[in-house]
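K.L.:
Here it is, the structure, as structure tokens.
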Amino acid sequence: MKRTLCLILAVIMICGVATSCSSLEKNDKGAIVTMYLADEIYNYDPMVGFNDTATAKILSLIFEGLTVLDEDGDWKKGMMKSYDYVEPKEEGDTYKLLINLRESKWSDGRTVQANDFVYAWKRIMEPTAKCEAACLLYDVKNAYDIKMGDATVDDLGVYAVETYVLQVEFEHDIDVDEFFKTCASVALVPLREDKVGNDPSWAKRASTMVTNGPFDVRKITYGQQLNLERSSYYLRDTESNQALDKYVTPYRLTVYYSYGDTEKQFEKFANNNIFYMGQLPISARAENKKNAEIKDSAITASYYFNTNNELFEKAEVRQALSMALDRQAIADAVVFAKAATGFIPYGVDDANGKGDFREEADDSGALLSVSADIDGAKQLLKSAGVTKGKFTLTVRNREEDLFIANLVADTWKELGFNVKVEALATAAEPSTIQNQSIVYTDLYQKALSEGAFDVIAVDYNMLAPNAFSALAPFSAAFSGNGVDMESENYDIFTHITGYRSDEYDALIESAYKETDSEKKTEILHNAEKLLLEDMPVIPVLFMQDAYMTGSAISGIKNTYWGRDFKKMSMKNYMEYKESIQEEHKEDVVADN
């Protein structure tokens with residue numbers, strides 16, 4: 001009798017442990033949610049992906065930095081568990097942060113370590129690396145000198161003092177909250193040197209990618225879909241049999257691509273074949289505006305000029321092209337957008353994190369008119385001695401980008417210019433590895449990074465919720481493009497527009513050195529004003545982020561840069577599971 005009772009108790013205990021390990025039903029991995037999240041992307045490298053809206057949406061799901069930002073731009077702990085800010089106690093000491101990391105693992109099971117942050121940050125700061133995000137780290141000891149070629153990257157004040165302790169040293173006293181907001185940038189997520197350093201195409205194949213975010217890249221089928229799956233290791237203590245779905249609820253996000261035709265995806269959504277629509281086709285926006293969730297995004301749809309092009313070397317020409325645009329009419333046509341009144345969008349902190357930079361600036365008078373002045377533009381062109389010209393307007397091969405570009409091109413044609421809209425997609429890269437999947441070169445990104453354009457459309461995604469991060473890169477020393485190591489004088493590479501102004505450089509330099517928040521913000525307001533007088537960039541729209549979900553979907557949270565799907569749930573998803581698995585039979589078989 002006692003033996004039987006012991007066996008019964010043992011069974012009960014085992015069942016209890018098994019139940020505590022997961023909240024999922026037997027043989028159930030969780031919801032498989034089909035969605036259209038964004039247009040297709042071809043490179044998942046955080047060092048270049050931050051300047052593309054679609055890429056940023058994906059990167060925020062598969063990577064995680066020290067911190068994350070909520071919808072209001074306030075930072076929350078990500079990979080960081082705790083920190084201690086240490087002020088110098090004696091001469092020679094520096095201000096430093098000691099940051100303890102949370103227990104988490106990469107998608108291949110290796111622990112996320114302090115060295116992974118050290119490697120990723122040093123990679124950005126290499127003098128030969130071209131990355132606008134470099135300015136995010138300029139407060140770190142020796143960062144500025146390294147980018148100018150006056151120190152080596154090994155001098156950067158970032159160290160792994162213990163396996164899970166990151167030490168960051170600074171040039172001066174810092175605003176800790178401001179720094180941790182910056183750390184949420186997707187450009188500053190950790191990376192694995194053993195994966196990134198040995199393969200230039202590491203971020204283009206699922207088989208060579210390792211990620212540390214809530215979702216893994218399980219499968220990429222270019223031209224068709226992307227499979228993201230709940231990470232088995234994200235923040236989990238696997239040794240204690242922690243529940244698989246404790247931190248991330250959905251099992252898989254099956255992301256369809258639009259191949260340039262968002263209407264096809266919207267039709268799938270209408271037929272309940274897609275449950276989340278992350279972007280609506282232009283034709284469906286007006287009638288579905290009331291049904292969509294809409295928020296301001298930290299994105300300014302803009303056009304960069306190649307100021308080295310003889311046609312655009314005069315500021316008056318660039319000003320005239322801006323003056324001719326009816327921003328309000330374009331915003332109304334796009335639906336989910338606001339007419340840009342400056343370069344910095346809404347949602348960016350003003351002094352001391354109080355107030356909004358854009359709202360404060362507009363209260364003193366908008367820098368840009370939202371209506372067109374064609375006659376004024378023609379007069380300005382005449383005074384500059386330029387009344388005609390031929391140039392190409394380069395855009396990504398995406399519906400929204402092309403739609404806006406064609407409206408803009410039509411206006412510029414009224415001024416007498418011959419404008420060709422060119423949509424760049426991709427080209428396949430030859431593989432030297434047998435049986436390796438095909439990867440692609442993003443021709444648009446290539447043209448942008450190399451300055452191979454006349455005028456190019458850029459959805460400028462804020463690097464961080466502060467104006468300095470957006471305005472600084474237009475100054476050569478803060479462009480992130482480093483120095484020409486082959487030149488005798490180690491010449492500084494300018495911003496990709498070729499813009500160079502001693503007055504603007506002086507403003508950014510003074511803003512960088514200013515420690516008083518209100519004074520620094522005043523300098524940055526003056527810098528934005530000067531930038532839009534010189535006009536190497538034309539801001540057109542402040543973009544809004546809009547999405548729709550099926551009635552079965554809930555639990556989606558907004559973040560500063562996009563969506564948080566970690567706790568997304570799907571009502572009665574088991575009812576959909578059979579049909580979804582049938583449609584994606586090959587993927588399901590591969591998983592099992």
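Order determines the names: the first chain of the structure tokens is A, the second B, and so forth; residues in each chain are numbered 1 upward, and ligands are numbered 1 upward as they are shown.
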Residues of stretch 40-92 of chain A within 12 Å of stretch 540-555 of chain A: nearest atom pair and distance (Å, one decimal) for each, counting only C-alpha atoms, sorted by chain and number, as a Markdown table?

P.N.:
```
| residue | atom | partner | partner_atom | distance |
| --- | --- | --- | --- | --- |
| A:Thr53 | CA | A:Asp545 | CA | 10.2 |
| A:Ala54 | CA | A:Asp545 | CA | 11.3 |
| A:Lys57 | CA | A:Asp545 | CA | 10.9 |
| A:Glu71 | CA | A:Asp545 | CA | 11.8 |
```

K.L.:
Keeping only N, CA and C atoms, take the residues you just selected and write them out as a short mmCIF file (atom, residue, chain, number, x, y, z; two decimals), in the first residue's frame.

P.N.:
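As a result, selection_22.cif now contains:
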```
data_model
loop_
_atom_site.label_atom_id
_atom_site.label_comp_id
_atom_site.auth_asym_id
_atom_site.auth_seq_id
_atom_site.Cartn_x
_atom_site.Cartn_y
_atom_site.Cartn_z
N THR A 53 13.22 51.47 -43.40
CA THR A 53 12.05 51.24 -42.55
C THR A 53 11.70 49.76 -42.45
N ALA A 54 11.65 49.08 -43.59
CA ALA A 54 11.27 47.67 -43.60
C ALA A 54 12.26 46.82 -42.82
N LYS A 57 12.05 47.18 -39.00
CA LYS A 57 10.93 46.46 -38.40
C LYS A 57 11.30 45.01 -38.11
N GLU A 71 6.57 52.87 -26.66
CA GLU A 71 5.92 53.75 -27.64
C GLU A 71 6.25 55.22 -27.42
#
```

K.L.:
If you run DSSP on this backbone, which residues of stretch 87-178 of chain A come out as alpha helix (DSSP H), and could you give them as a PyMOL selection string?

P.N.:
chain A and resi 114-125+143-147+176-178

K.L.:
Which residues are close to A:Gln328, i.e. within 9 Å by only C-alpha atoms, leaving aside same-chain residues fewer than 5 positions away? Reply as JSON, numbers by chain.

P.N.:
{"A": [333, 338, 339, 340, 370, 371, 372, 541]}

K.L.:
Let's see if you can do this: from backbone DSSP, list all strand (DSSP E) residues in stretch 362-478 of chain A, as a PyMOL selection string.

P.N.:
chain A and resi 389-396+417-424+426-429+439-442+455-461

K.L.:
Hey, what's within 12 Å of A:Ala361 if we count only C-alpha atoms and toss same-chain stuff fewer than 3 positions away? As a list in words, please?

P.N.:
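The contact residues come out as Thr341, Gly342, Phe343, Ile344, Pro345, Tyr346, Val348, Asp349, Asp350, Ala351, Gly355, Asp356, Phe357, Arg358, Ser364, Gly365, Ala366, Leu367, Leu368, Ala467, Thr521, Glu522, Ile523, Leu524, His525, Asn526, Ala527, Glu528 and Lys529 of chain A.
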
K.L.:
Please dump the current selection as an mmCIF file, in the first residue's frame; keep N, CA and C atoms.

P.N.:
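Saved result, out11.cif, follows:
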```cif
data_model
loop_
_atom_site.group_PDB
_atom_site.id
_atom_site.type_symbol
_atom_site.label_atom_id
_atom_site.label_comp_id
_atom_site.auth_asym_id
_atom_site.auth_seq_id
_atom_site.Cartn_x
_atom_site.Cartn_y
_atom_site.Cartn_z
ATOM 1 N N THR A 341 7.408 69.759 -41.720
ATOM 2 C CA THR A 341 7.676 71.176 -41.468
ATOM 3 C C THR A 341 9.139 71.389 -41.086
ATOM 4 N N GLY A 342 9.921 70.315 -41.089
ATOM 5 C CA GLY A 342 11.338 70.368 -40.781
ATOM 6 C C GLY A 342 11.932 69.010 -41.067
ATOM 7 N N PHE A 343 13.172 68.782 -40.662
ATOM 8 C CA PHE A 343 13.803 67.486 -40.889
ATOM 9 C C PHE A 343 13.541 66.530 -39.728
ATOM 10 N N ILE A 344 13.591 67.033 -38.501
ATOM 11 C CA ILE A 344 13.369 66.193 -37.323
ATOM 12 C C ILE A 344 11.875 65.937 -37.162
ATOM 13 N N PRO A 345 11.446 64.673 -37.106
ATOM 14 C CA PRO A 345 10.017 64.371 -36.997
ATOM 15 C C PRO A 345 9.496 64.556 -35.577
ATOM 16 N N TYR A 346 8.217 64.357 -35.406
ATOM 17 C CA TYR A 346 7.620 64.375 -34.070
ATOM 18 C C TYR A 346 8.122 63.153 -33.279
ATOM 19 N N VAL A 348 10.641 63.305 -30.975
ATOM 20 C CA VAL A 348 12.051 63.448 -30.625
ATOM 21 C C VAL A 348 12.159 64.413 -29.448
ATOM 22 N N ASP A 349 12.955 64.045 -28.466
ATOM 23 C CA ASP A 349 13.047 64.829 -27.234
ATOM 24 C C ASP A 349 13.603 66.230 -27.472
ATOM 25 N N ASP A 350 13.054 67.188 -26.742
ATOM 26 C CA ASP A 350 13.628 68.524 -26.678
ATOM 27 C C ASP A 350 14.515 68.564 -25.430
ATOM 28 N N ALA A 351 14.828 69.727 -24.923
ATOM 29 C CA ALA A 351 15.756 69.858 -23.787
ATOM 30 C C ALA A 351 15.297 69.058 -22.575
ATOM 31 N N GLY A 355 9.142 68.023 -23.468
ATOM 32 C CA GLY A 355 8.645 68.614 -24.702
ATOM 33 C C GLY A 355 9.132 67.865 -25.927
ATOM 34 N N ASP A 356 8.644 68.307 -27.068
ATOM 35 C CA ASP A 356 8.929 67.669 -28.342
ATOM 36 C C ASP A 356 9.730 68.630 -29.214
ATOM 37 N N PHE A 357 10.829 68.169 -29.771
ATOM 38 C CA PHE A 357 11.718 69.020 -30.556
ATOM 39 C C PHE A 357 10.977 69.688 -31.713
ATOM 40 N N ARG A 358 10.177 68.917 -32.442
ATOM 41 C CA ARG A 358 9.477 69.453 -33.607
ATOM 42 C C ARG A 358 8.423 70.477 -33.198
ATOM 43 N N SER A 364 7.928 78.364 -33.070
ATOM 44 C CA SER A 364 8.689 79.564 -33.442
ATOM 45 C C SER A 364 8.571 79.864 -34.932
ATOM 46 N N GLY A 365 7.872 78.999 -35.643
ATOM 47 C CA GLY A 365 7.688 79.191 -37.086
ATOM 48 C C GLY A 365 8.250 78.007 -37.848
ATOM 49 N N ALA A 366 7.394 77.326 -38.600
ATOM 50 C CA ALA A 366 7.808 76.141 -39.340
ATOM 51 C C ALA A 366 8.937 76.481 -40.315
ATOM 52 N N LEU A 367 9.902 75.579 -40.430
ATOM 53 C CA LEU A 367 11.036 75.803 -41.331
ATOM 54 C C LEU A 367 10.669 75.547 -42.786
ATOM 55 N N LEU A 368 9.643 74.744 -43.004
ATOM 56 C CA LEU A 368 9.213 74.410 -44.356
ATOM 57 C C LEU A 368 7.735 74.722 -44.537
ATOM 58 N N ALA A 467 17.702 64.804 -31.351
ATOM 59 C CA ALA A 467 17.959 65.508 -32.611
ATOM 60 C C ALA A 467 19.417 65.404 -33.038
ATOM 61 N N THR A 521 20.232 71.969 -26.976
ATOM 62 C CA THR A 521 19.026 71.908 -27.798
ATOM 63 C C THR A 521 18.861 73.174 -28.628
ATOM 64 N N GLU A 522 19.189 74.316 -28.051
ATOM 65 C CA GLU A 522 19.117 75.571 -28.802
ATOM 66 C C GLU A 522 20.076 75.544 -29.996
ATOM 67 N N ILE A 523 21.263 75.007 -29.791
ATOM 68 C CA ILE A 523 22.236 74.884 -30.882
ATOM 69 C C ILE A 523 21.691 73.973 -31.977
ATOM 70 N N LEU A 524 21.062 72.883 -31.573
ATOM 71 C CA LEU A 524 20.531 71.925 -32.547
ATOM 72 C C LEU A 524 19.368 72.514 -33.337
ATOM 73 N N HIS A 525 18.554 73.345 -32.707
ATOM 74 C CA HIS A 525 17.491 74.032 -33.454
ATOM 75 C C HIS A 525 18.110 74.943 -34.517
ATOM 76 N N ASN A 526 19.190 75.620 -34.162
ATOM 77 C CA ASN A 526 19.883 76.486 -35.127
ATOM 78 C C ASN A 526 20.523 75.661 -36.241
ATOM 79 N N ALA A 527 21.027 74.476 -35.883
ATOM 80 C CA ALA A 527 21.640 73.603 -36.882
ATOM 81 C C ALA A 527 20.598 73.116 -37.889
ATOM 82 N N GLU A 528 19.416 72.739 -37.400
ATOM 83 C CA GLU A 528 18.366 72.290 -38.321
ATOM 84 C C GLU A 528 17.961 73.421 -39.258
ATOM 85 N N LYS A 529 17.869 74.616 -38.730
ATOM 86 C CA LYS A 529 17.503 75.776 -39.552
ATOM 87 C C LYS A 529 18.526 76.009 -40.648
#
```

K.L.:
Quick check, in Å to one decimal: how far apart do atom CA of A:Asn406 and atom CA of A:Val421 lie?

P.N.:
7.0 Å

K.L.:
Quick one: residues within 7 Å of A:Thr426, only C-alpha atoms, excluding same-chain residues fewer than 5 positions away - as a PDB file with N, CA and C atoms, in the first residue's frame?

P.N.:
```
ATOM      1  N   TYR A 440      21.552  38.179 -52.420  1.00  0.00           N
ATOM      2  CA  TYR A 440      21.310  39.285 -53.333  1.00  0.00           C
ATOM      3  C   TYR A 440      21.979  40.562 -52.838  1.00  0.00           C
ATOM      4  N   THR A 441      22.365  41.391 -53.800  1.00  0.00           N
ATOM      5  CA  THR A 441      22.857  42.728 -53.506  1.00  0.00           C
ATOM      6  C   THR A 441      21.693  43.691 -53.596  1.00  0.00           C
ATOM      7  N   ASP A 442      21.499  44.500 -52.566  1.00  0.00           N
ATOM      8  CA  ASP A 442      20.472  45.537 -52.577  1.00  0.00           C
ATOM      9  C   ASP A 442      21.036  46.712 -53.380  1.00  0.00           C
ATOM     10  N   LEU A 443      20.594  46.854 -54.618  1.00  0.00           N
ATOM     11  CA  LEU A 443      21.160  47.868 -55.510  1.00  0.00           C
ATOM     12  C   LEU A 443      20.860  49.280 -55.031  1.00  0.00           C
TER      13      LEU A 443
END
```
